[in-house]
>>> print(open('final.pdb').read())   # PDB, C-alpha atoms
MODEL        1
ATOM      1  CA  MET Q   1      47.914 -72.429 -19.564  1.00  0.00           C
ATOM      2  CA  ILE Q   2      44.857 -73.025 -17.401  1.00  0.00           C
ATOM      3  CA  VAL Q   3      42.561 -76.027 -17.891  1.00  0.00           C
ATOM      4  CA  ARG Q   4      39.224 -75.748 -16.120  1.00  0.00           C
ATOM      5  CA  ALA Q   5      35.619 -76.863 -16.292  1.00  0.00           C
ATOM      6  CA  ALA Q   6      33.647 -75.094 -18.984  1.00  0.00           C
ATOM      7  CA  ALA Q   7      30.938 -72.609 -18.068  1.00  0.00           C
ATOM      8  CA  ALA Q   8      27.983 -71.321 -20.088  1.00  0.00           C
ATOM      9  CA  GLU Q   9      29.821 -68.049 -20.704  1.00  0.00           C
ATOM     10  CA  ASP Q  10      32.482 -70.032 -22.622  1.00  0.00           C
ATOM     11  CA  ALA Q  11      29.948 -71.150 -25.225  1.00  0.00           C
ATOM     12  CA  ALA Q  12      30.640 -68.383 -27.763  1.00  0.00           C
ATOM     13  CA  ALA Q  13      34.389 -69.065 -27.784  1.00  0.00           C
ATOM     14  CA  VAL Q  14      33.779 -72.834 -27.893  1.00  0.00           C
ATOM     15  CA  GLN Q  15      31.379 -72.348 -30.806  1.00  0.00           C
ATOM     16  CA  ALA Q  16      33.908 -70.217 -32.711  1.00  0.00           C
ATOM     17  CA  ILE Q  17      36.651 -72.850 -32.349  1.00  0.00           C
ATOM     18  CA  TYR Q  18      34.303 -75.642 -33.359  1.00  0.00           C
ATOM     19  CA  ALA Q  19      32.793 -73.668 -36.254  1.00  0.00           C
ATOM     20  CA  HIS Q  20      36.258 -73.285 -37.749  1.00  0.00           C
ATOM     21  CA  ALA Q  21      36.838 -77.033 -37.473  1.00  0.00           C
ATOM     22  CA  VAL Q  22      33.455 -77.746 -39.057  1.00  0.00           C
ATOM     23  CA  LEU Q  23      33.975 -75.370 -41.970  1.00  0.00           C
ATOM     24  CA  HIS Q  24      37.661 -75.983 -42.685  1.00  0.00           C
ATOM     25  CA  GLY Q  25      38.632 -79.350 -41.237  1.00  0.00           C
ATOM     26  CA  THR Q  26      37.894 -83.022 -41.565  1.00  0.00           C
ATOM     27  CA  GLY Q  27      38.227 -83.992 -37.902  1.00  0.00           C
ATOM     28  CA  THR Q  28      34.466 -83.645 -37.498  1.00  0.00           C
ATOM     29  CA  PHE Q  29      31.959 -84.813 -40.068  1.00  0.00           C
ATOM     30  CA  GLU Q  30      29.502 -82.128 -39.064  1.00  0.00           C
ATOM     31  CA  GLU Q  31      29.092 -79.777 -42.039  1.00  0.00           C
ATOM     32  CA  VAL Q  32      27.053 -76.895 -40.619  1.00  0.00           C
ATOM     33  CA  PRO Q  33      28.391 -75.207 -37.487  1.00  0.00           C
ATOM     34  CA  PRO Q  34      26.022 -75.289 -34.541  1.00  0.00           C
ATOM     35  CA  THR Q  35      24.847 -72.009 -33.078  1.00  0.00           C
ATOM     36  CA  VAL Q  36      26.000 -70.710 -29.713  1.00  0.00           C
ATOM     37  CA  GLU Q  37      22.620 -71.765 -28.314  1.00  0.00           C
ATOM     38  CA  GLU Q  38      23.172 -75.315 -29.610  1.00  0.00           C
ATOM     39  CA  MET Q  39      26.642 -75.385 -28.031  1.00  0.00           C
ATOM     40  CA  ILE Q  40      25.100 -74.315 -24.711  1.00  0.00           C
ATOM     41  CA  ALA Q  41      22.621 -77.204 -25.016  1.00  0.00           C
ATOM     42  CA  ARG Q  42      25.400 -79.663 -25.869  1.00  0.00           C
ATOM     43  CA  MET Q  43      27.490 -78.502 -22.933  1.00  0.00           C
ATOM     44  CA  ALA Q  44      24.483 -78.810 -20.610  1.00  0.00           C
ATOM     45  CA  ASP Q  45      23.742 -82.336 -21.870  1.00  0.00           C
ATOM     46  CA  VAL Q  46      27.300 -83.468 -21.143  1.00  0.00           C
ATOM     47  CA  ALA Q  47      27.165 -81.886 -17.680  1.00  0.00           C
ATOM     48  CA  ALA Q  48      23.760 -83.465 -16.942  1.00  0.00           C
ATOM     49  CA  ARG Q  49      25.302 -86.882 -17.571  1.00  0.00           C
ATOM     50  CA  GLY Q  50      28.071 -86.151 -15.062  1.00  0.00           C
ATOM     51  CA  LEU Q  51      30.719 -86.096 -17.790  1.00  0.00           C
ATOM     52  CA  PRO Q  52      33.426 -83.441 -18.118  1.00  0.00           C
ATOM     53  CA  TRP Q  53      33.596 -80.547 -20.573  1.00  0.00           C
ATOM     54  CA  LEU Q  54      36.886 -78.691 -20.138  1.00  0.00           C
ATOM     55  CA  VAL Q  55      38.406 -75.567 -21.648  1.00  0.00           C
ATOM     56  CA  ALA Q  56      41.982 -74.331 -21.922  1.00  0.00           C
ATOM     57  CA  GLU Q  57      42.898 -70.685 -21.494  1.00  0.00           C
ATOM     58  CA  ALA Q  58      46.182 -69.121 -22.538  1.00  0.00           C
ATOM     59  CA  ASP Q  59      47.226 -65.559 -23.139  1.00  0.00           C
ATOM     60  CA  GLY Q  60      43.931 -64.404 -21.616  1.00  0.00           C
ATOM     61  CA  ARG Q  61      41.663 -66.248 -24.043  1.00  0.00           C
ATOM     62  CA  LEU Q  62      40.017 -69.598 -24.549  1.00  0.00           C
ATOM     63  CA  VAL Q  63      42.215 -71.632 -26.915  1.00  0.00           C
ATOM     64  CA  GLY Q  64      40.624 -75.074 -26.869  1.00  0.00           C
ATOM     65  CA  PHE Q  65      38.119 -77.437 -25.384  1.00  0.00           C
ATOM     66  CA  ALA Q  66      37.652 -81.125 -24.746  1.00  0.00           C
ATOM     67  CA  TYR Q  67      34.784 -83.193 -23.489  1.00  0.00           C
ATOM     68  CA  ALA Q  68      33.675 -86.745 -22.859  1.00  0.00           C
ATOM     69  CA  ALA Q  69      30.261 -87.842 -24.060  1.00  0.00           C
ATOM     70  CA  PRO Q  70      28.465 -91.169 -24.027  1.00  0.00           C
ATOM     71  CA  PHE Q  71      29.909 -93.489 -26.653  1.00  0.00           C
ATOM     72  CA  ARG Q  72      26.442 -94.912 -27.299  1.00  0.00           C
ATOM     73  CA  LEU Q  73      23.187 -94.532 -25.408  1.00  0.00           C
ATOM     74  CA  ARG Q  74      22.419 -98.240 -24.989  1.00  0.00           C
ATOM     75  CA  SER Q  75      22.925 -99.211 -21.356  1.00  0.00           C
ATOM     76  CA  ALA Q  76      25.641-101.803 -22.023  1.00  0.00           C
ATOM     77  CA  TYR Q  77      27.917 -98.953 -23.170  1.00  0.00           C
ATOM     78  CA  ARG Q  78      27.479 -96.977 -19.936  1.00  0.00           C
ATOM     79  CA  HIS Q  79      31.086 -97.539 -18.862  1.00  0.00           C
ATOM     80  CA  THR Q  80      32.529 -96.178 -22.114  1.00  0.00           C
ATOM     81  CA  ALA Q  81      32.865 -92.525 -23.081  1.00  0.00           C
ATOM     82  CA  GLU Q  82      33.984 -90.867 -26.302  1.00  0.00           C
ATOM     83  CA  ASP Q  83      36.323 -87.900 -26.225  1.00  0.00           C
ATOM     84  CA  ALA Q  84      36.510 -84.837 -28.441  1.00  0.00           C
ATOM     85  CA  VAL Q  85      39.304 -82.253 -28.506  1.00  0.00           C
ATOM     86  CA  TYR Q  86      39.328 -79.022 -30.535  1.00  0.00           C
ATOM     87  CA  ILE Q  87      41.990 -76.325 -30.517  1.00  0.00           C
ATOM     88  CA  ALA Q  88      41.872 -72.800 -31.951  1.00  0.00           C
ATOM     89  CA  PRO Q  89      43.568 -72.841 -35.364  1.00  0.00           C
ATOM     90  CA  ASP Q  90      46.263 -70.362 -34.324  1.00  0.00           C
ATOM     91  CA  PHE Q  91      47.099 -72.391 -31.217  1.00  0.00           C
ATOM     92  CA  HIS Q  92      47.846 -75.825 -32.672  1.00  0.00           C
ATOM     93  CA  ARG Q  93      50.980 -77.617 -31.439  1.00  0.00           C
ATOM     94  CA  ARG Q  94      51.399 -75.368 -28.402  1.00  0.00           C
ATOM     95  CA  GLY Q  95      50.415 -77.872 -25.721  1.00  0.00           C
ATOM     96  CA  ALA Q  96      46.709 -77.144 -25.309  1.00  0.00           C
ATOM     97  CA  GLY Q  97      45.592 -80.454 -26.801  1.00  0.00           C
ATOM     98  CA  ILE Q  98      47.721 -82.619 -24.556  1.00  0.00           C
ATOM     99  CA  ALA Q  99      46.891 -80.537 -21.473  1.00  0.00           C
ATOM    100  CA  LEU Q 100      43.175 -80.877 -22.195  1.00  0.00           C
ATOM    101  CA  LEU Q 101      43.276 -84.577 -23.008  1.00  0.00           C
ATOM    102  CA  GLN Q 102      45.363 -85.426 -19.930  1.00  0.00           C
ATOM    103  CA  ALA Q 103      42.955 -83.467 -17.734  1.00  0.00           C
ATOM    104  CA  LEU Q 104      39.968 -85.112 -19.416  1.00  0.00           C
ATOM    105  CA  ILE Q 105      41.377 -88.584 -18.763  1.00  0.00           C
ATOM    106  CA  ALA Q 106      42.067 -87.734 -15.113  1.00  0.00           C
ATOM    107  CA  THR Q 107      38.583 -86.285 -14.666  1.00  0.00           C
ATOM    108  CA  CYS Q 108      36.953 -89.327 -16.270  1.00  0.00           C
ATOM    109  CA  GLU Q 109      38.927 -91.679 -14.032  1.00  0.00           C
ATOM    110  CA  ALA Q 110      38.023 -89.684 -10.931  1.00  0.00           C
ATOM    111  CA  ALA Q 111      34.278 -89.830 -11.653  1.00  0.00           C
ATOM    112  CA  GLU Q 112      33.730 -92.895  -9.458  1.00  0.00           C
ATOM    113  CA  ASP Q 113      29.947 -92.786  -9.803  1.00  0.00           C
ATOM    114  CA  LEU Q 114      30.278 -93.300 -13.587  1.00  0.00           C
ATOM    115  CA  ASN Q 115      32.734 -96.209 -13.259  1.00  0.00           C
ATOM    116  CA  LEU Q 116      34.205 -95.440 -16.691  1.00  0.00           C
ATOM    117  CA  ARG Q 117      36.417 -98.229 -18.048  1.00  0.00           C
ATOM    118  CA  GLN Q 118      37.135 -97.147 -21.615  1.00  0.00           C
ATOM    119  CA  LEU Q 119      37.665 -93.860 -23.400  1.00  0.00           C
ATOM    120  CA  VAL Q 120      37.384 -94.012 -27.169  1.00  0.00           C
ATOM    121  CA  ALA Q 121      38.220 -91.561 -29.908  1.00  0.00           C
ATOM    122  CA  LEU Q 122      36.565 -91.609 -33.319  1.00  0.00           C
ATOM    123  CA  ILE Q 123      38.918 -89.462 -35.363  1.00  0.00           C
ATOM    124  CA  GLY Q 124      37.685 -88.094 -38.632  1.00  0.00           C
ATOM    125  CA  ASP Q 125      40.161 -88.504 -41.503  1.00  0.00           C
ATOM    126  CA  SER Q 126      42.910 -91.099 -41.292  1.00  0.00           C
ATOM    127  CA  GLY Q 127      45.283 -88.353 -42.460  1.00  0.00           C
ATOM    128  CA  ASN Q 128      44.620 -86.402 -39.251  1.00  0.00           C
ATOM    129  CA  ALA Q 129      48.130 -86.994 -37.918  1.00  0.00           C
ATOM    130  CA  GLY Q 130      47.810 -84.318 -35.233  1.00  0.00           C
ATOM    131  CA  SER Q 131      44.828 -85.894 -33.509  1.00  0.00           C
ATOM    132  CA  ILE Q 132      46.116 -89.442 -33.943  1.00  0.00           C
ATOM    133  CA  GLY Q 133      49.500 -88.450 -32.484  1.00  0.00           C
ATOM    134  CA  LEU Q 134      47.875 -86.566 -29.617  1.00  0.00           C
ATOM    135  CA  HIS Q 135      45.846 -89.603 -28.642  1.00  0.00           C
ATOM    136  CA  GLN Q 136      48.841 -91.928 -28.933  1.00  0.00           C
ATOM    137  CA  ALA Q 137      50.851 -89.598 -26.694  1.00  0.00           C
ATOM    138  CA  VAL Q 138      48.413 -90.134 -23.812  1.00  0.00           C
ATOM    139  CA  GLY Q 139      48.080 -93.897 -24.118  1.00  0.00           C
ATOM    140  CA  PHE Q 140      45.429 -94.513 -26.757  1.00  0.00           C
ATOM    141  CA  HIS Q 141      46.000 -97.396 -29.151  1.00  0.00           C
ATOM    142  CA  HIS Q 142      44.670 -97.984 -32.648  1.00  0.00           C
ATOM    143  CA  ALA Q 143      41.471-100.043 -32.438  1.00  0.00           C
ATOM    144  CA  GLY Q 144      40.147 -99.996 -35.991  1.00  0.00           C
ATOM    145  CA  LEU Q 145      39.365 -98.122 -39.162  1.00  0.00           C
ATOM    146  CA  PHE Q 146      36.160 -97.490 -41.064  1.00  0.00           C
ATOM    147  CA  GLU Q 147      37.197 -96.687 -44.619  1.00  0.00           C
ATOM    148  CA  GLY Q 148      35.423 -94.014 -46.640  1.00  0.00           C
ATOM    149  CA  VAL Q 149      32.393 -93.696 -44.375  1.00  0.00           C
ATOM    150  CA  GLY Q 150      32.160 -89.898 -44.503  1.00  0.00           C
ATOM    151  CA  ARG Q 151      32.096 -87.407 -47.340  1.00  0.00           C
ATOM    152  CA  LYS Q 152      33.184 -83.848 -46.697  1.00  0.00           C
ATOM    153  CA  HIS Q 153      34.970 -81.203 -48.766  1.00  0.00           C
ATOM    154  CA  ASP Q 154      34.474 -83.360 -51.892  1.00  0.00           C
ATOM    155  CA  GLN Q 155      36.449 -86.294 -50.524  1.00  0.00           C
ATOM    156  CA  TRP Q 156      35.710 -89.634 -48.931  1.00  0.00           C
ATOM    157  CA  LEU Q 157      37.059 -89.825 -45.405  1.00  0.00           C
ATOM    158  CA  ASP Q 158      37.910 -92.628 -43.022  1.00  0.00           C
ATOM    159  CA  VAL Q 159      37.214 -92.779 -39.301  1.00  0.00           C
ATOM    160  CA  VAL Q 160      40.069 -93.966 -37.103  1.00  0.00           C
ATOM    161  CA  PHE Q 161      39.051 -95.712 -33.886  1.00  0.00           C
ATOM    162  CA  MET Q 162      41.379 -95.360 -30.911  1.00  0.00           C
ATOM    163  CA  GLN Q 163      40.890 -96.602 -27.370  1.00  0.00           C
ATOM    164  CA  ARG Q 164      42.369 -96.106 -23.906  1.00  0.00           C
ATOM    165  CA  PRO Q 165      41.460 -98.058 -20.787  1.00  0.00           C
ATOM    166  CA  LEU Q 166      40.360 -96.145 -17.702  1.00  0.00           C
ATOM    167  CA  ASN Q 167      40.365 -97.392 -14.121  1.00  0.00           C
ATOM    168  CA  GLY Q 168      41.840-100.772 -15.010  1.00  0.00           C
ATOM    169  CA  GLY Q 169      39.822-101.185 -18.194  1.00  0.00           C
ATOM    170  CA  ALA Q 170      37.628-104.224 -18.641  1.00  0.00           C
ATOM    171  CA  GLY Q 171      39.805-106.311 -16.332  1.00  0.00           C
ATOM    172  CA  ARG Q 172      38.384-104.834 -13.127  1.00  0.00           C
ATOM    173  CA  ARG Q 173      34.781-104.729 -11.958  1.00  0.00           C
TER     174      ARG Q 173
ENDMDL
END
>>> encode(input="final.pdb", output="structure tokens")
Amino acid sequence: MIVRAAAAEDAAAVQAIYAHAVLHGTGTFEEVPPTVEEMIARMADVAARGLPWLVAEADGRLVGFAYAAPFRLRSAYRHTAEDAVYIAPDFHRRGAGIALLQALIATCEAAEDLNLRQLVALIGDSGNAGSIGLHQAVGFHHAGLFEGVGRKHDQWLDVVFMQRPLNGGAGRR
């Protein structure tokens, strides 16, 4: 498996993976899949902020992606990023998620100009054992739960908050 920085030509494959998650999953609360053009804009926005957007390739195709985005746009949050990880439905539990998330963490820590101190995950659906387990496996801890804040597929869904310190966390300046 190869993990690398995403490029604009990856947008169609990224959009297809995400569209499946939007239409069939509860990990994202988005309900209408973005277009390829919107994915290109989202990827460009992440890159313009100096944050990573990574893809995983296996068997000659793109099988997943992960990125870090601003947690919030208010300046006091500038040292915190939020991660997202999506894997092609036929490639779950084959190592792409952990490879992407480990590479994302390393890339975030190496971005000295951003001085990132926290990486957070807002996981849609408290029953999303795969994503919760993935985040736990790379050092995230449970940081909270918003109960029933989203409605998708005719059900009320929770959001699980998880957090992982970067570069010494809040204890270092």
>>> closest_atom_pairs(input="final.pdb", of="stretch 83-166 of chain Q", to="stretch 55-65 of chain Q", cutoff="9 Å", atoms="all atoms listed in the file", output="tab-separated table")
residue	atom	partner	partner_atom	distance
Q:Ala84	CA	Q:Phe65	CA	8.2
Q:Val85	CA	Q:Phe65	CA	5.9
Q:Tyr86	CA	Q:Phe65	CA	5.5
Q:Ile87	CA	Q:Gly64	CA	4.1
Q:Ala88	CA	Q:Val63	CA	5.2
Q:Pro89	CA	Q:Val63	CA	8.6
Q:Asp90	CA	Q:Val63	CA	8.5
Q:Phe91	CA	Q:Val63	CA	6.6
Q:Ala96	CA	Q:Ala56	CA	6.5
Q:Gly97	CA	Q:Gly64	CA	7.3
Q:Ala99	CA	Q:Ala56	CA	7.9
Q:Leu100	CA	Q:Ala56	CA	6.7
>>> atom_distance(input="final.pdb", atom1="atom CA of Q:Arg93", atom2="atom CA of Q:Asp45")
29.3 Å
>>> resolve_selection(input="final.pdb", expression="the PyMOL selection byres ((chain Q and resi 143) around 6)", output="ChimeraX atom specification")
/Q:142,144,161-162
>>> closest_atom_pairs(input="final.pdb", of="stretch 79-171 of chain Q", to="stretch 16-39 of chain Q", cutoff="10 Å", atoms="all atoms listed in the file", output="Markdown table")
| residue | atom | partner | partner_atom | distance |
| --- | --- | --- | --- | --- |
| Q:Ala84 | CA | Q:Thr28 | CA | 9.4 |
| Q:Val85 | CA | Q:Tyr18 | CA | 9.6 |
| Q:Tyr86 | CA | Q:Tyr18 | CA | 6.7 |
| Q:Ile87 | CA | Q:Ile17 | CA | 6.6 |
| Q:Ala88 | CA | Q:Ile17 | CA | 5.2 |
| Q:Pro89 | CA | Q:Ile17 | CA | 7.5 |
| Q:Leu122 | CA | Q:Gly27 | CA | 9.0 |
| Q:Ile123 | CA | Q:Gly27 | CA | 6.1 |
| Q:Gly124 | CA | Q:Gly27 | CA | 4.2 |
| Q:Asp125 | CA | Q:Thr26 | CA | 5.9 |
| Q:Ser126 | CA | Q:Gly27 | CA | 9.2 |
| Q:Gly127 | CA | Q:Thr26 | CA | 9.2 |
| Q:Asn128 | CA | Q:Gly27 | CA | 7.0 |
| Q:Gly130 | CA | Q:Gly27 | CA | 10.0 |
| Q:Ser131 | CA | Q:Gly27 | CA | 8.2 |
| Q:Val149 | CA | Q:Phe29 | CA | 9.9 |
| Q:Gly150 | CA | Q:Phe29 | CA | 6.8 |
| Q:Arg151 | CA | Q:Phe29 | CA | 7.7 |
| Q:Lys152 | CA | Q:Phe29 | CA | 6.8 |
| Q:His153 | CA | Q:Thr26 | CA | 8.0 |
| Q:Gln155 | CA | Q:Thr26 | CA | 9.6 |
| Q:Leu157 | CA | Q:Thr26 | CA | 7.9 |
| Q:Asp158 | CA | Q:Thr26 | CA | 9.7 |
| Q:Val159 | CA | Q:Gly27 | CA | 9.0 |
>>> write_last_selection(input="final.pdb", atoms="C-alpha atoms", output="JSON list (two decimals), in the coordinates of the input")
[["chain", "number", "residue", "atom", "x", "y", "z"],
["Q", 84, "ALA", "CA", 36.51, -84.84, -28.44],
["Q", 85, "VAL", "CA", 39.30, -82.25, -28.51],
["Q", 86, "TYR", "CA", 39.33, -79.02, -30.54],
["Q", 87, "ILE", "CA", 41.99, -76.32, -30.52],
["Q", 88, "ALA", "CA", 41.87, -72.80, -31.95],
["Q", 89, "PRO", "CA", 43.57, -72.84, -35.36],
["Q", 122, "LEU", "CA", 36.56, -91.61, -33.32],
["Q", 123, "ILE", "CA", 38.92, -89.46, -35.36],
["Q", 124, "GLY", "CA", 37.68, -88.09, -38.63],
["Q", 125, "ASP", "CA", 40.16, -88.50, -41.50],
["Q", 126, "SER", "CA", 42.91, -91.10, -41.29],
["Q", 127, "GLY", "CA", 45.28, -88.35, -42.46],
["Q", 128, "ASN", "CA", 44.62, -86.40, -39.25],
["Q", 130, "GLY", "CA", 47.81, -84.32, -35.23],
["Q", 131, "SER", "CA", 44.83, -85.89, -33.51],
["Q", 149, "VAL", "CA", 32.39, -93.70, -44.38],
["Q", 150, "GLY", "CA", 32.16, -89.90, -44.50],
["Q", 151, "ARG", "CA", 32.10, -87.41, -47.34],
["Q", 152, "LYS", "CA", 33.18, -83.85, -46.70],
["Q", 153, "HIS", "CA", 34.97, -81.20, -48.77],
["Q", 155, "GLN", "CA", 36.45, -86.29, -50.52],
["Q", 157, "LEU", "CA", 37.06, -89.82, -45.40],
["Q", 158, "ASP", "CA", 37.91, -92.63, -43.02],
["Q", 159, "VAL", "CA", 37.21, -92.78, -39.30]]
>>> closest_residue(input="final.pdb", among="Q:Val120, Q:Ala13, Q:Cys108, Q:Ala5", to="Q:Tyr77", atoms="all atoms listed in the file")
Q:Val120
>>> residues_around(input="final.pdb", residues="Q:Leu51", least_positions_apart="5", cutoff="12 Å", atoms="all atoms listed in the file", output="VMD selection string")
chain Q and resid 5 to 6 42 to 46 66 to 71 78 to 83 104 to 116 119
>>> residues_around(input="final.pdb", residues="Q:Gln118", least_positions_apart="6", cutoff="6 Å", atoms="all atoms listed in the file", output="PyMOL selection string")
chain Q and resi 80+164-166+169
>>> atom_distance(input="final.pdb", atom1="atom CA of Q:Glu9", atom2="atom CA of Q:His92")
23.0 Å
>>> decode(input="final.pdb", residues="stretch 23-99 of chain Q", atoms="C-alpha atoms", output="PDB file, in the first residue's frame")
ATOM      1  CA  LEU Q  23     -25.373   7.790   0.712  1.00  0.00           C
ATOM      2  CA  HIS Q  24     -24.977   4.587   2.725  1.00  0.00           C
ATOM      3  CA  GLY Q  25     -23.211   5.411   5.978  1.00  0.00           C
ATOM      4  CA  THR Q  26     -23.628   7.415   9.131  1.00  0.00           C
ATOM      5  CA  GLY Q  27     -19.997   8.431   9.637  1.00  0.00           C
ATOM      6  CA  THR Q  28     -20.704  11.725   7.884  1.00  0.00           C
ATOM      7  CA  PHE Q  29     -23.851  13.746   8.397  1.00  0.00           C
ATOM      8  CA  GLU Q  30     -23.678  15.126   4.887  1.00  0.00           C
ATOM      9  CA  GLU Q  31     -26.713  13.815   2.987  1.00  0.00           C
ATOM     10  CA  VAL Q  32     -26.027  14.854  -0.609  1.00  0.00           C
ATOM     11  CA  PRO Q  33     -22.694  13.806  -2.107  1.00  0.00           C
ATOM     12  CA  PRO Q  34     -20.555  16.683  -3.309  1.00  0.00           C
ATOM     13  CA  THR Q  35     -19.591  16.812  -6.960  1.00  0.00           C
ATOM     14  CA  VAL Q  36     -16.077  16.140  -8.201  1.00  0.00           C
ATOM     15  CA  GLU Q  37     -15.679  19.898  -8.663  1.00  0.00           C
ATOM     16  CA  GLU Q  38     -16.655  20.466  -5.015  1.00  0.00           C
ATOM     17  CA  MET Q  39     -14.142  17.825  -3.898  1.00  0.00           C
ATOM     18  CA  ILE Q  40     -11.440  19.615  -5.908  1.00  0.00           C
ATOM     19  CA  ALA Q  41     -12.360  22.860  -4.117  1.00  0.00           C
ATOM     20  CA  ARG Q  42     -12.303  21.145  -0.717  1.00  0.00           C
ATOM     21  CA  MET Q  43      -8.926  19.588  -1.428  1.00  0.00           C
ATOM     22  CA  ALA Q  44      -7.558  22.959  -2.569  1.00  0.00           C
ATOM     23  CA  ASP Q  45      -8.873  24.672   0.579  1.00  0.00           C
ATOM     24  CA  VAL Q  46      -7.118  22.151   2.822  1.00  0.00           C
ATOM     25  CA  ALA Q  47      -3.890  22.532   0.836  1.00  0.00           C
ATOM     26  CA  ALA Q  48      -4.117  26.349   0.940  1.00  0.00           C
ATOM     27  CA  ARG Q  49      -4.173  26.160   4.735  1.00  0.00           C
ATOM     28  CA  GLY Q  50      -0.996  24.062   4.728  1.00  0.00           C
ATOM     29  CA  LEU Q  51      -2.846  21.004   6.027  1.00  0.00           C
ATOM     30  CA  PRO Q  52      -2.459  17.488   4.622  1.00  0.00           C
ATOM     31  CA  TRP Q  53      -4.847  15.584   2.362  1.00  0.00           C
ATOM     32  CA  LEU Q  54      -3.538  12.059   1.800  1.00  0.00           C
ATOM     33  CA  VAL Q  55      -4.639   9.110  -0.307  1.00  0.00           C
ATOM     34  CA  ALA Q  56      -3.908   5.393  -0.096  1.00  0.00           C
ATOM     35  CA  GLU Q  57      -3.344   3.267  -3.174  1.00  0.00           C
ATOM     36  CA  ALA Q  58      -3.444  -0.515  -3.265  1.00  0.00           C
ATOM     37  CA  ASP Q  59      -3.825  -2.983  -6.077  1.00  0.00           C
ATOM     38  CA  GLY Q  60      -3.350  -0.133  -8.558  1.00  0.00           C
ATOM     39  CA  ARG Q  61      -6.272   1.978  -7.355  1.00  0.00           C
ATOM     40  CA  LEU Q  62      -7.130   4.615  -4.805  1.00  0.00           C
ATOM     41  CA  VAL Q  63      -8.702   2.864  -1.800  1.00  0.00           C
ATOM     42  CA  GLY Q  64      -9.012   5.628   0.777  1.00  0.00           C
ATOM     43  CA  PHE Q  65      -8.242   9.145   1.827  1.00  0.00           C
ATOM     44  CA  ALA Q  66      -7.656  11.161   4.960  1.00  0.00           C
ATOM     45  CA  TYR Q  67      -7.217  14.826   5.638  1.00  0.00           C
ATOM     46  CA  ALA Q  68      -6.827  17.355   8.412  1.00  0.00           C
ATOM     47  CA  ALA Q  69      -8.927  20.499   8.337  1.00  0.00           C
ATOM     48  CA  PRO Q  70      -9.313  23.396  10.736  1.00  0.00           C
ATOM     49  CA  PHE Q  71     -11.342  22.358  13.764  1.00  0.00           C
ATOM     50  CA  ARG Q  72     -12.916  25.817  13.893  1.00  0.00           C
ATOM     51  CA  LEU Q  73     -12.055  29.029  12.088  1.00  0.00           C
ATOM     52  CA  ARG Q  74     -11.764  31.264  15.159  1.00  0.00           C
ATOM     53  CA  SER Q  75      -8.112  32.119  15.733  1.00  0.00           C
ATOM     54  CA  ALA Q  76      -7.891  30.558  19.206  1.00  0.00           C
ATOM     55  CA  TYR Q  77      -8.418  27.140  17.577  1.00  0.00           C
ATOM     56  CA  ARG Q  78      -5.508  27.577  15.149  1.00  0.00           C
ATOM     57  CA  HIS Q  79      -3.424  24.878  16.838  1.00  0.00           C
ATOM     58  CA  THR Q  80      -6.162  22.243  16.567  1.00  0.00           C
ATOM     59  CA  ALA Q  81      -7.100  20.273  13.463  1.00  0.00           C
ATOM     60  CA  GLU Q  82      -9.910  17.818  12.796  1.00  0.00           C
ATOM     61  CA  ASP Q  83      -9.252  14.608  10.912  1.00  0.00           C
ATOM     62  CA  ALA Q  84     -11.410  12.683   8.471  1.00  0.00           C
ATOM     63  CA  VAL Q  85     -10.745   9.185   7.126  1.00  0.00           C
ATOM     64  CA  TYR Q  86     -12.776   7.386   4.444  1.00  0.00           C
ATOM     65  CA  ILE Q  87     -12.073   3.981   2.935  1.00  0.00           C
ATOM     66  CA  ALA Q  88     -13.585   2.344  -0.151  1.00  0.00           C
ATOM     67  CA  PRO Q  89     -16.363  -0.007   0.982  1.00  0.00           C
ATOM     68  CA  ASP Q  90     -14.665  -3.096  -0.456  1.00  0.00           C
ATOM     69  CA  PHE Q  91     -11.390  -2.253   1.285  1.00  0.00           C
ATOM     70  CA  HIS Q  92     -12.464  -1.943   4.920  1.00  0.00           C
ATOM     71  CA  ARG Q  93     -10.328  -3.701   7.546  1.00  0.00           C
ATOM     72  CA  ARG Q  94      -7.368  -4.180   5.208  1.00  0.00           C
ATOM     73  CA  GLY Q  95      -5.010  -1.650   6.779  1.00  0.00           C
ATOM     74  CA  ALA Q  96      -5.705   1.449   4.694  1.00  0.00           C
ATOM     75  CA  GLY Q  97      -7.355   3.352   7.537  1.00  0.00           C
ATOM     76  CA  ILE Q  98      -4.529   2.884   9.997  1.00  0.00           C
ATOM     77  CA  ALA Q  99      -1.880   3.588   7.350  1.00  0.00           C
TER      78      ALA Q  99
END
